[in-house]
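Shown next, in structure tokens, is the structure this report addresses.
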Amino acid sequence: MMMMGRIVDRSDLERGGRDEEQVGSRIKDFRALASHYGEHAQESMLGFTHIAMTLREYMRGGRKDGEEEEGLDMREVMEDICRLSCNCYTIVDEEERAVGIGLFPIAALMNHSCSPSCVQSFHGRRMQLRALRDIEEGEELTLSYIDPAEPLVVRQEELRKRYFFSCTCNMCEGEEAETKDREKTRLLAGASKEEERKVDGLLRMARDKAAEASARPQAVLQEQLDAIRAAELVRGTRGRKEEGREEER
């Protein structure tokens, strides 16, 4: 919602004829992005409506009832929220942990590929692109919108649900794509079974340890008693020997 508030503020700046300093941060760059308004799931649209209504109250500030206020174009707000939902990037730290979302209008114009030529990284408020391979002159720069390591069916479903298109890159179409996907699925299935075996082993170990722990107190107590008796016997024997020496003296 805070990001939408900043977008509304920048819209007012654009309408007032004021320029933004950073290239690519103008509201017109953002509005050039696809919103897919009307294509989002009903559940998503209900959530967007709630955000829009909350934003309207937020933008009213501390105005009292009856005070004049500039109304928001709610259709425009809804379209902007739809734009954000399918054009924002998840910002991650050095350990690939999500720390927020960011809007980079120029980078958002880049098309998707499951075999991308570039990858993005984040440094503070800046987004940096790095080439993953040699790129030919005139070749299109692409990014992967989703995890390209997922199987074909999973990738296509996520792209249709979140970005409203089906990918036709060389990883998704053709016999070679199907062969690679079957191999990837087989490897993932093997990894899953291996992980299951590891988890089962750990669970068995935990149950065994728990069983040992429940039987341990009495056994430990008995061991301690035996050790004490043994120590007392040794001490008593030494004591008697020392007494004998004293008498001889």
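Here's how to read the names in the structure tokens: chain A, B, ... by the order shown, residue numbers from 1 in each chain, ligand numbers from 1 in the order shown.
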
Quick one: residues within 8 Å of A:Tyr37, only C-alpha atoms, excluding same-chain residues fewer than 4 positions away - as number ranges by chain? A: 78-79, 82

Neighbouring residues of A:Arg162 were defined as those with any atom within 12 Å, considering only C-alpha atoms; residues of the same chain fewer than 4 positions away were excluded. Please report them as a PyMOL selection string. chain A and resi 35-36+39-41+44+82-88+145-146+155-158+166

Just the residues within 7 Å of stretch 121-132 of chain A, please, counting only C-alpha atoms, with nothing from its chain fewer than 4 positions along; format it as an NGL selection string. :A and (91-92 or 117)

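Minimum atom-to-atom distance to A:Ile106, evaluated using only C-alpha atoms, belongs to A:Ile27 out of A:Ile27, A:Ile51, A:Leu159, A:Cys172.
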
Name the residues in contact with A:Val77 at a cut-off of 9 Å, using only C-alpha atoms, excluding same-chain residues fewer than 5 positions from it; report them as a PyMOL selection string. chain A and resi 4+8+52+55+72+82

Shell of 8 Å around A:Cys169, only C-alpha atoms, local chain residues under 6 positions omitted, as a ChimeraX atom specification: /A:113-115

Quick check for you: according to DSSP on this backbone, which residues of stretch 21-196 of chain A are classed as strand (DSSP E or B)? Reply as JSON, numbers by chain. {"A": [89, 90, 91, 92, 98, 99, 100, 101, 102, 111, 112, 118, 119, 120, 121, 122, 123, 126, 127, 128, 129, 130, 131, 142, 143]}
